[in-house]
Amino acid sequence: MNRTPSNDAGSRVSDAIDRLAAALAARVAIDLRALAAFRIGLGALLLADLALRSRSLTAFYTDYGVLPTRAFASDYSNHSLHALVGEPWAVALLFAVAGAFALALLVGYRTRLVTLVSWLLLLSLHARNPMVLNAGDNLLLMLLFWSLFLPLGARWSVDAVRQADPPVGAEADTDSATGSDADSTTGSDAGAAAPGVSGPAVANVATMAILAQLLVMYLTNAVHKHRSDLWMSGDAVAYVMQADQFTYLLGNYVAEIHGLLRVLTLLWVAFLFASPLLILSTGLPRAVVASLFIGMHLGMSVTIRVGIFPIVVAVGFVLFFQTPVWDAIERLVTRLGWSTPLARRRDRFESRARNLRSLGASPPRPAVSERIDRLRSADLTAGLSRGRALFSTVLPSLFLVLILLSSAQSVGYAEVPDPGEDVLDVTEMDQSWQMFAPDPTHTTRWIVVSGSLEDGTERDVFRDGAVRFDRPPRVETTYPSARWRKYLKNVYAADNENHRSYLANYICADWNRTHETGVESVTIHQLYERTNPYNGTVEAENEFELIEYDCSGEFVQDG
């Protein structure tokens, strides 16, 4: 039978759509082993982040720190569980709870539930003190959010063992039927393999969104840097290295190698504009591109102090390694003879996971079984399916559109509608990504806090030393941590004048708690120096007073 021209045209259109869908699916597909490795990295990152923050737990998150709850309530409209308590022990308890959920995420126990709780706790922690946040914090929160819609527990997890080997008396499909947090590799929640996707991979809106998150970060930053003369001329990194509140480790040695820094500047700009290759390429070529990005960020981690940002990015890039890479890794493991010891460790893990699954489990009583049968009615199953489709498709689609609009808005190419702005504000998902752009930080800044003690002497009560206004030999050592540097930079900003009083009040109280001779007043000085990296001449320098504070006076005082 001959086909009519209209049928031929329709067939060609259908084939073209199928090829387009297959090509898109191949580019947004994420291997389940990549999701498992990403989950482990995410859990480890949350634990590391909590450990690092705990060093300044009192200073940043309690009533004895720089933002007591009364100041938080006065200055911010954010909602934060951490702001409901002010005692260090209570905040430490919240840290411990967050750590327990992070550990559960790492091993993949009740993965979706612990991911949700971990995201809510991190959102609350960020809201408690926005003055200490940086791009790494924002990216970690975003990656955790997108993880809510991904089957992170489908491999290498307690959940995978629980689903494969349910306890006696429980049905194998209970979790998937009731839509619980045990991730499945089938159905809309996990993303059934789409055309063009081979191997144990998943391709859906959520995988597209989390890959797009890293891509829009780079593209937005690329646009910002393109508007900077220092970046486009190749001088930016050399100037950044002169701002030695950032440089440390290898950064202290490469700061004078100007030719290398110029090459790195131009190379990084080229990388940013080439970032679409992370989506356009697939398989091994994509792995090469992702590895180059990871290498650049790891280099950043040993030259400048930017907190956990480089490691967060490296963990995110695990998702770009597709099925051919993981298959090659498995072959390499076998060739090196590591498969047997790894199998033994896996067997021990699965045994412990089964014990955890069976802990307290017992066959359901007849009455309970009847209730379960009634719950598994067709109407409820259909309702759960609709709810799962809403959760796994509609919500990530909506937020994907919002982050794309927000990214475009940050560089002046679009506007987010007011309702969308409200959603982005509540979830802390605004996209800016101005890291070292448009113009990089190229001014060295440090503070001196001179305190007048009760015995008439003067002391730097922030560093507990003599008051010296000269530039320290290594400015980065004057900051207790990268978070302290970020906080003090924000205190310097003109719209944060109240925080100068909060900081001075904290310094007074902290000194008086830990020293026999109390401090009566403190004066916080901000100093800066800008040096030309090529000839060593000082281009600008100044010292000015942020605030003079009476330790026995009002909580908030005029500068």
# chains A, B, ... in the order shown; residues from 1 in each chain; ligands from 1

$ residues_around --residues "region 476-484 of chain A" --least-positions-apart "5" --cutoff "10 Å" --atoms "only C-alpha atoms" --output "ChimeraX atom specification"
/A:52-53,55-56,59-60,131-134,243-248,304-308,444-448,462-463,489-490

$ select_by_dssp --residues "region 200-364 of chain A" --states "strand (DSSP E or B)" --output "PyMOL selection string"
chain A and resi 201-202+247+304

$ write_last_selection --atoms "all heavy atoms" --output "tab-separated table (two decimals), in the first residue's frame"
chain	number	residue	atom	x	y	z
A	201	ALA	N	20.97	4.30	33.72
A	201	ALA	CA	20.94	5.75	33.75
A	201	ALA	C	19.51	6.24	33.85
A	201	ALA	O	18.56	5.53	33.54
A	201	ALA	CB	21.61	6.34	32.51
A	202	VAL	N	19.37	7.48	34.27
A	202	VAL	CA	18.06	8.11	34.41
A	202	VAL	C	18.11	9.45	33.71
A	202	VAL	O	19.12	10.17	33.77
A	202	VAL	CB	17.68	8.28	35.90
A	202	VAL	CG1	18.76	9.01	36.66
A	202	VAL	CG2	16.37	9.00	36.08
A	247	THR	N	45.02	34.62	49.38
A	247	THR	CA	46.04	33.66	48.98
A	247	THR	C	46.60	32.87	50.16
A	247	THR	O	46.79	33.40	51.25
A	247	THR	CB	47.20	34.38	48.28
A	247	THR	OG1	47.73	35.38	49.15
A	247	THR	CG2	46.73	35.04	46.99
A	304	ILE	N	43.78	29.86	46.81
A	304	ILE	CA	43.02	30.94	47.45
A	304	ILE	C	41.99	30.34	48.42
A	304	ILE	O	41.42	29.28	48.16
A	304	ILE	CB	42.32	31.85	46.42
A	304	ILE	CG1	41.39	31.05	45.51
A	304	ILE	CG2	43.34	32.62	45.61
A	304	ILE	CD1	40.60	31.93	44.56

$ closest_residue --among "A:Tyr109, A:His126, A:Gly465, A:Leu45" --to "Tyr61 (chain A)" --atoms "only C-alpha atoms"
A:His126

$ select_by_dssp --residues "region 189-264 of chain A" --states "alpha helix (DSSP H)" --output "JSON, numbers by chain"
{"A": [189, 190, 205, 206, 207, 208, 209, 210, 211, 212, 213, 214, 215, 216, 217, 218, 219, 220, 221, 222, 223, 224, 225, 226, 229, 230, 231, 232, 233, 236, 237, 238, 239, 240, 241, 242, 251, 252, 253, 254, 258, 259, 260, 261, 262, 263, 264]}

$ closest_residue --among "A:Val423, A:Val117, A:Val66, A:Ala26" --to "Ser406 (chain A)" --atoms "only C-alpha atoms"
A:Val423

$ residues_around --residues "region 427-439 of chain A" --least-positions-apart "5" --cutoff "8 Å" --atoms "only C-alpha atoms" --output "PyMOL selection string"
chain A and resi 123+135+138+142+217-218+220-221+224-231+236+403+406-407+410

$ closest_residue --among "A:Phe555, A:Phe95, A:Trp146, A:Phe320" --to "Arg70 (chain A)" --atoms "only C-alpha atoms"
A:Phe555

$ closest_residue --among "A:Arg471, A:Arg27, A:Arg162, A:Asp455" --to "Pro276 (chain A)" --atoms "only C-alpha atoms"
A:Arg27

$ residues_around --residues "Phe101 (chain A)" --least-positions-apart "3" --cutoff "12 Å" --atoms "only C-alpha atoms" --output "NGL selection string"
:A and (42-44 or 46-47 or 50 or 94-98 or 104-122)

$ residues_around --residues "Thr282 (chain A)" --least-positions-apart "4" --cutoff "10 Å" --atoms "only C-alpha atoms" --output "PyMOL selection string"
chain A and resi 23+26-29+277-278+286-289+320-324

$ residues_around --residues "Glu256 (chain A)" --least-positions-apart "2" --cutoff "12 Å" --atoms "only C-alpha atoms" --output "mmCIF file with all heavy atoms, in the first residue's frame"
data_model
loop_
_atom_site.group_PDB
_atom_site.id
_atom_site.type_symbol
_atom_site.label_atom_id
_atom_site.label_comp_id
_atom_site.auth_asym_id
_atom_site.auth_seq_id
_atom_site.Cartn_x
_atom_site.Cartn_y
_atom_site.Cartn_z
ATOM 1 N N VAL A 237 43.706 37.564 37.651
ATOM 2 C CA VAL A 237 44.230 36.655 38.671
ATOM 3 C C VAL A 237 45.465 37.246 39.338
ATOM 4 O O VAL A 237 45.667 37.091 40.551
ATOM 5 C CB VAL A 237 44.522 35.267 38.067
ATOM 6 C CG1 VAL A 237 45.195 34.363 39.099
ATOM 7 C CG2 VAL A 237 43.236 34.622 37.574
ATOM 8 N N ALA A 238 46.297 37.961 38.578
ATOM 9 C CA ALA A 238 47.478 38.597 39.171
ATOM 10 C C ALA A 238 47.065 39.601 40.234
ATOM 11 O O ALA A 238 47.692 39.701 41.300
ATOM 12 C CB ALA A 238 48.308 39.279 38.090
ATOM 13 N N TYR A 239 45.999 40.357 39.974
ATOM 14 C CA TYR A 239 45.524 41.315 40.966
ATOM 15 C C TYR A 239 44.881 40.608 42.160
ATOM 16 O O TYR A 239 45.056 41.029 43.305
ATOM 17 C CB TYR A 239 44.526 42.287 40.332
ATOM 18 C CG TYR A 239 45.186 43.490 39.708
ATOM 19 C CD1 TYR A 239 45.553 43.499 38.371
ATOM 20 C CD2 TYR A 239 45.465 44.625 40.465
ATOM 21 C CE1 TYR A 239 46.176 44.596 37.794
ATOM 22 C CE2 TYR A 239 46.085 45.736 39.902
ATOM 23 C CZ TYR A 239 46.436 45.714 38.569
ATOM 24 O OH TYR A 239 47.053 46.811 38.008
ATOM 25 N N VAL A 240 44.132 39.539 41.904
ATOM 26 C CA VAL A 240 43.526 38.781 43.008
ATOM 27 C C VAL A 240 44.608 38.265 43.944
ATOM 28 O O VAL A 240 44.476 38.306 45.171
ATOM 29 C CB VAL A 240 42.679 37.611 42.466
ATOM 30 C CG1 VAL A 240 42.266 36.675 43.606
ATOM 31 C CG2 VAL A 240 41.432 38.135 41.757
ATOM 32 N N MET A 241 45.707 37.801 43.375
ATOM 33 C CA MET A 241 46.779 37.245 44.190
ATOM 34 C C MET A 241 47.484 38.305 45.039
ATOM 35 O O MET A 241 48.174 37.983 45.999
ATOM 36 C CB MET A 241 47.803 36.531 43.295
ATOM 37 C CG MET A 241 47.290 35.251 42.682
ATOM 38 S SD MET A 241 46.857 34.022 43.935
ATOM 39 C CE MET A 241 46.298 32.664 42.907
ATOM 40 N N GLN A 242 47.307 39.578 44.681
ATOM 41 C CA GLN A 242 47.864 40.644 45.515
ATOM 42 C C GLN A 242 46.984 40.919 46.730
ATOM 43 O O GLN A 242 47.440 41.494 47.712
ATOM 44 C CB GLN A 242 48.021 41.928 44.690
ATOM 45 C CG GLN A 242 49.065 41.826 43.603
ATOM 46 C CD GLN A 242 50.431 41.465 44.154
ATOM 47 O OE1 GLN A 242 50.958 42.141 45.030
ATOM 48 N NE2 GLN A 242 51.007 40.389 43.637
ATOM 49 N N THR A 247 45.022 34.619 49.376
ATOM 50 C CA THR A 247 46.044 33.659 48.978
ATOM 51 C C THR A 247 46.600 32.873 50.159
ATOM 52 O O THR A 247 46.792 33.402 51.246
ATOM 53 C CB THR A 247 47.200 34.382 48.275
ATOM 54 O OG1 THR A 247 47.729 35.385 49.148
ATOM 55 C CG2 THR A 247 46.726 35.044 46.994
ATOM 56 N N LEU A 250 49.890 27.252 47.935
ATOM 57 C CA LEU A 250 50.599 27.504 46.684
ATOM 58 C C LEU A 250 50.403 28.928 46.185
ATOM 59 O O LEU A 250 51.244 29.455 45.440
ATOM 60 C CB LEU A 250 50.134 26.513 45.607
ATOM 61 C CG LEU A 250 50.526 25.050 45.798
ATOM 62 C CD1 LEU A 250 50.001 24.205 44.645
ATOM 63 C CD2 LEU A 250 52.036 24.897 45.929
ATOM 64 N N GLY A 251 49.303 29.561 46.587
ATOM 65 C CA GLY A 251 49.048 30.921 46.155
ATOM 66 C C GLY A 251 50.126 31.892 46.573
ATOM 67 O O GLY A 251 50.405 32.876 45.862
ATOM 68 N N ASN A 252 50.766 31.629 47.699
ATOM 69 C CA ASN A 252 51.841 32.507 48.161
ATOM 70 C C ASN A 252 53.094 32.391 47.296
ATOM 71 O O ASN A 252 53.958 33.275 47.332
ATOM 72 C CB ASN A 252 52.193 32.180 49.616
ATOM 73 C CG ASN A 252 51.058 32.511 50.568
ATOM 74 O OD1 ASN A 252 50.366 33.508 50.376
ATOM 75 N ND2 ASN A 252 50.854 31.680 51.577
ATOM 76 N N TYR A 253 53.195 31.299 46.527
ATOM 77 C CA TYR A 253 54.384 31.082 45.706
ATOM 78 C C TYR A 253 54.164 31.485 44.240
ATOM 79 O O TYR A 253 55.105 31.911 43.565
ATOM 80 C CB TYR A 253 54.808 29.617 45.768
ATOM 81 C CG TYR A 253 55.197 29.181 47.169
ATOM 82 C CD1 TYR A 253 54.278 28.539 48.000
ATOM 83 C CD2 TYR A 253 56.472 29.430 47.665
ATOM 84 C CE1 TYR A 253 54.623 28.149 49.287
ATOM 85 C CE2 TYR A 253 56.821 29.050 48.951
ATOM 86 C CZ TYR A 253 55.892 28.408 49.760
ATOM 87 O OH TYR A 253 56.228 28.049 51.035
ATOM 88 N N VAL A 254 52.921 31.347 43.764
ATOM 89 C CA VAL A 254 52.683 31.654 42.345
ATOM 90 C C VAL A 254 52.273 33.108 42.130
ATOM 91 O O VAL A 254 52.149 33.547 40.983
ATOM 92 C CB VAL A 254 51.592 30.721 41.757
ATOM 93 C CG1 VAL A 254 51.985 29.273 41.903
ATOM 94 C CG2 VAL A 254 50.232 30.991 42.396
ATOM 95 N N HIS A 258 53.896 36.119 36.989
ATOM 96 C CA HIS A 258 52.870 36.876 36.279
ATOM 97 C C HIS A 258 52.487 36.256 34.939
ATOM 98 O O HIS A 258 51.326 36.308 34.537
ATOM 99 C CB HIS A 258 53.340 38.318 36.081
ATOM 100 C CG HIS A 258 53.655 39.010 37.378
ATOM 101 N ND1 HIS A 258 54.749 39.812 37.551
ATOM 102 C CD2 HIS A 258 53.015 38.992 38.583
ATOM 103 C CE1 HIS A 258 54.777 40.279 38.780
ATOM 104 N NE2 HIS A 258 53.744 39.780 39.436
ATOM 105 N N GLY A 259 53.467 35.691 34.232
ATOM 106 C CA GLY A 259 53.153 35.063 32.958
ATOM 107 C C GLY A 259 52.186 33.902 33.135
ATOM 108 O O GLY A 259 51.212 33.762 32.374
ATOM 109 N N LEU A 260 52.418 33.068 34.159
ATOM 110 C CA LEU A 260 51.526 31.943 34.440
ATOM 111 C C LEU A 260 50.137 32.439 34.825
ATOM 112 O O LEU A 260 49.116 31.888 34.377
ATOM 113 C CB LEU A 260 52.112 31.092 35.573
ATOM 114 C CG LEU A 260 51.235 29.957 36.096
ATOM 115 C CD1 LEU A 260 50.951 28.936 35.010
ATOM 116 C CD2 LEU A 260 51.866 29.290 37.321
ATOM 117 N N LEU A 261 50.074 33.485 35.638
ATOM 118 C CA LEU A 261 48.777 34.003 36.089
ATOM 119 C C LEU A 261 47.982 34.585 34.929
ATOM 120 O O LEU A 261 46.748 34.465 34.882
ATOM 121 C CB LEU A 261 48.982 35.057 37.175
ATOM 122 C CG LEU A 261 49.648 34.559 38.467
ATOM 123 C CD1 LEU A 261 49.779 35.695 39.468
ATOM 124 C CD2 LEU A 261 48.885 33.395 39.071
ATOM 125 N N ARG A 262 48.672 35.211 33.973
ATOM 126 C CA ARG A 262 47.971 35.734 32.796
ATOM 127 C C ARG A 262 47.377 34.580 31.978
ATOM 128 O O ARG A 262 46.218 34.649 31.533
ATOM 129 C CB ARG A 262 48.927 36.556 31.927
ATOM 130 C CG ARG A 262 48.266 37.148 30.686
ATOM 131 C CD ARG A 262 49.288 37.938 29.869
ATOM 132 N NE ARG A 262 49.655 39.151 30.562
ATOM 133 C CZ ARG A 262 49.002 40.303 30.447
ATOM 134 N NH1 ARG A 262 47.942 40.369 29.662
ATOM 135 N NH2 ARG A 262 49.398 41.365 31.095
ATOM 136 N N ASN A 532 50.143 47.305 42.759
ATOM 137 C CA ASN A 532 50.270 46.876 41.371
ATOM 138 C C ASN A 532 51.089 45.590 41.338
ATOM 139 O O ASN A 532 52.233 45.558 41.819
ATOM 140 C CB ASN A 532 50.969 47.963 40.544
ATOM 141 C CG ASN A 532 50.989 47.639 39.071
ATOM 142 O OD1 ASN A 532 51.501 46.604 38.656
ATOM 143 N ND2 ASN A 532 50.439 48.536 38.270
ATOM 144 N N PRO A 533 50.526 44.497 40.796
ATOM 145 C CA PRO A 533 51.247 43.216 40.854
ATOM 146 C C PRO A 533 52.494 43.179 39.984
ATOM 147 O O PRO A 533 53.371 42.332 40.202
ATOM 148 C CB PRO A 533 50.199 42.210 40.357
ATOM 149 C CG PRO A 533 49.274 43.015 39.513
ATOM 150 C CD PRO A 533 49.227 44.374 40.134
ATOM 151 N N TYR A 534 52.605 44.066 39.007
ATOM 152 C CA TYR A 534 53.701 43.987 38.050
ATOM 153 C C TYR A 534 54.930 44.795 38.461
ATOM 154 O O TYR A 534 56.051 44.452 38.105
ATOM 155 C CB TYR A 534 53.210 44.431 36.672
ATOM 156 C CG TYR A 534 52.107 43.543 36.153
ATOM 157 C CD1 TYR A 534 50.793 44.002 36.092
ATOM 158 C CD2 TYR A 534 52.370 42.241 35.757
ATOM 159 C CE1 TYR A 534 49.774 43.181 35.638
ATOM 160 C CE2 TYR A 534 51.357 41.404 35.304
ATOM 161 C CZ TYR A 534 50.051 41.887 35.243
ATOM 162 O OH TYR A 534 49.052 41.068 34.810
ATOM 163 N N ASN A 535 54.728 45.900 39.223
ATOM 164 C CA ASN A 535 55.893 46.674 39.636
ATOM 165 C C ASN A 535 55.983 46.864 41.145
ATOM 166 O O ASN A 535 56.931 47.481 41.636
ATOM 167 C CB ASN A 535 55.907 48.039 38.938
ATOM 168 C CG ASN A 535 54.631 48.831 39.181
ATOM 169 O OD1 ASN A 535 54.015 48.706 40.230
ATOM 170 N ND2 ASN A 535 54.237 49.651 38.211
ATOM 171 N N GLY A 536 54.989 46.335 41.875
ATOM 172 C CA GLY A 536 55.043 46.384 43.333
ATOM 173 C C GLY A 536 54.721 47.727 43.943
ATOM 174 O O GLY A 536 54.784 47.882 45.173
#

$ residues_around --residues "Leu84 (chain A)" --least-positions-apart "3" --cutoff "9 Å" --atoms "only C-alpha atoms" --output "VMD selection string"
chain A and resid 69 80 to 81

$ closest_residue --among "A:Ser281, A:Ser157, A:Ser233, A:Asn78" --to "Leu266 (chain A)" --atoms "only C-alpha atoms"
A:Ser233

$ closest_residue --among "A:Leu93, A:Leu503, A:Ala270, A:Leu214" --to "Gly316 (chain A)" --atoms "only C-alpha atoms"
A:Leu214
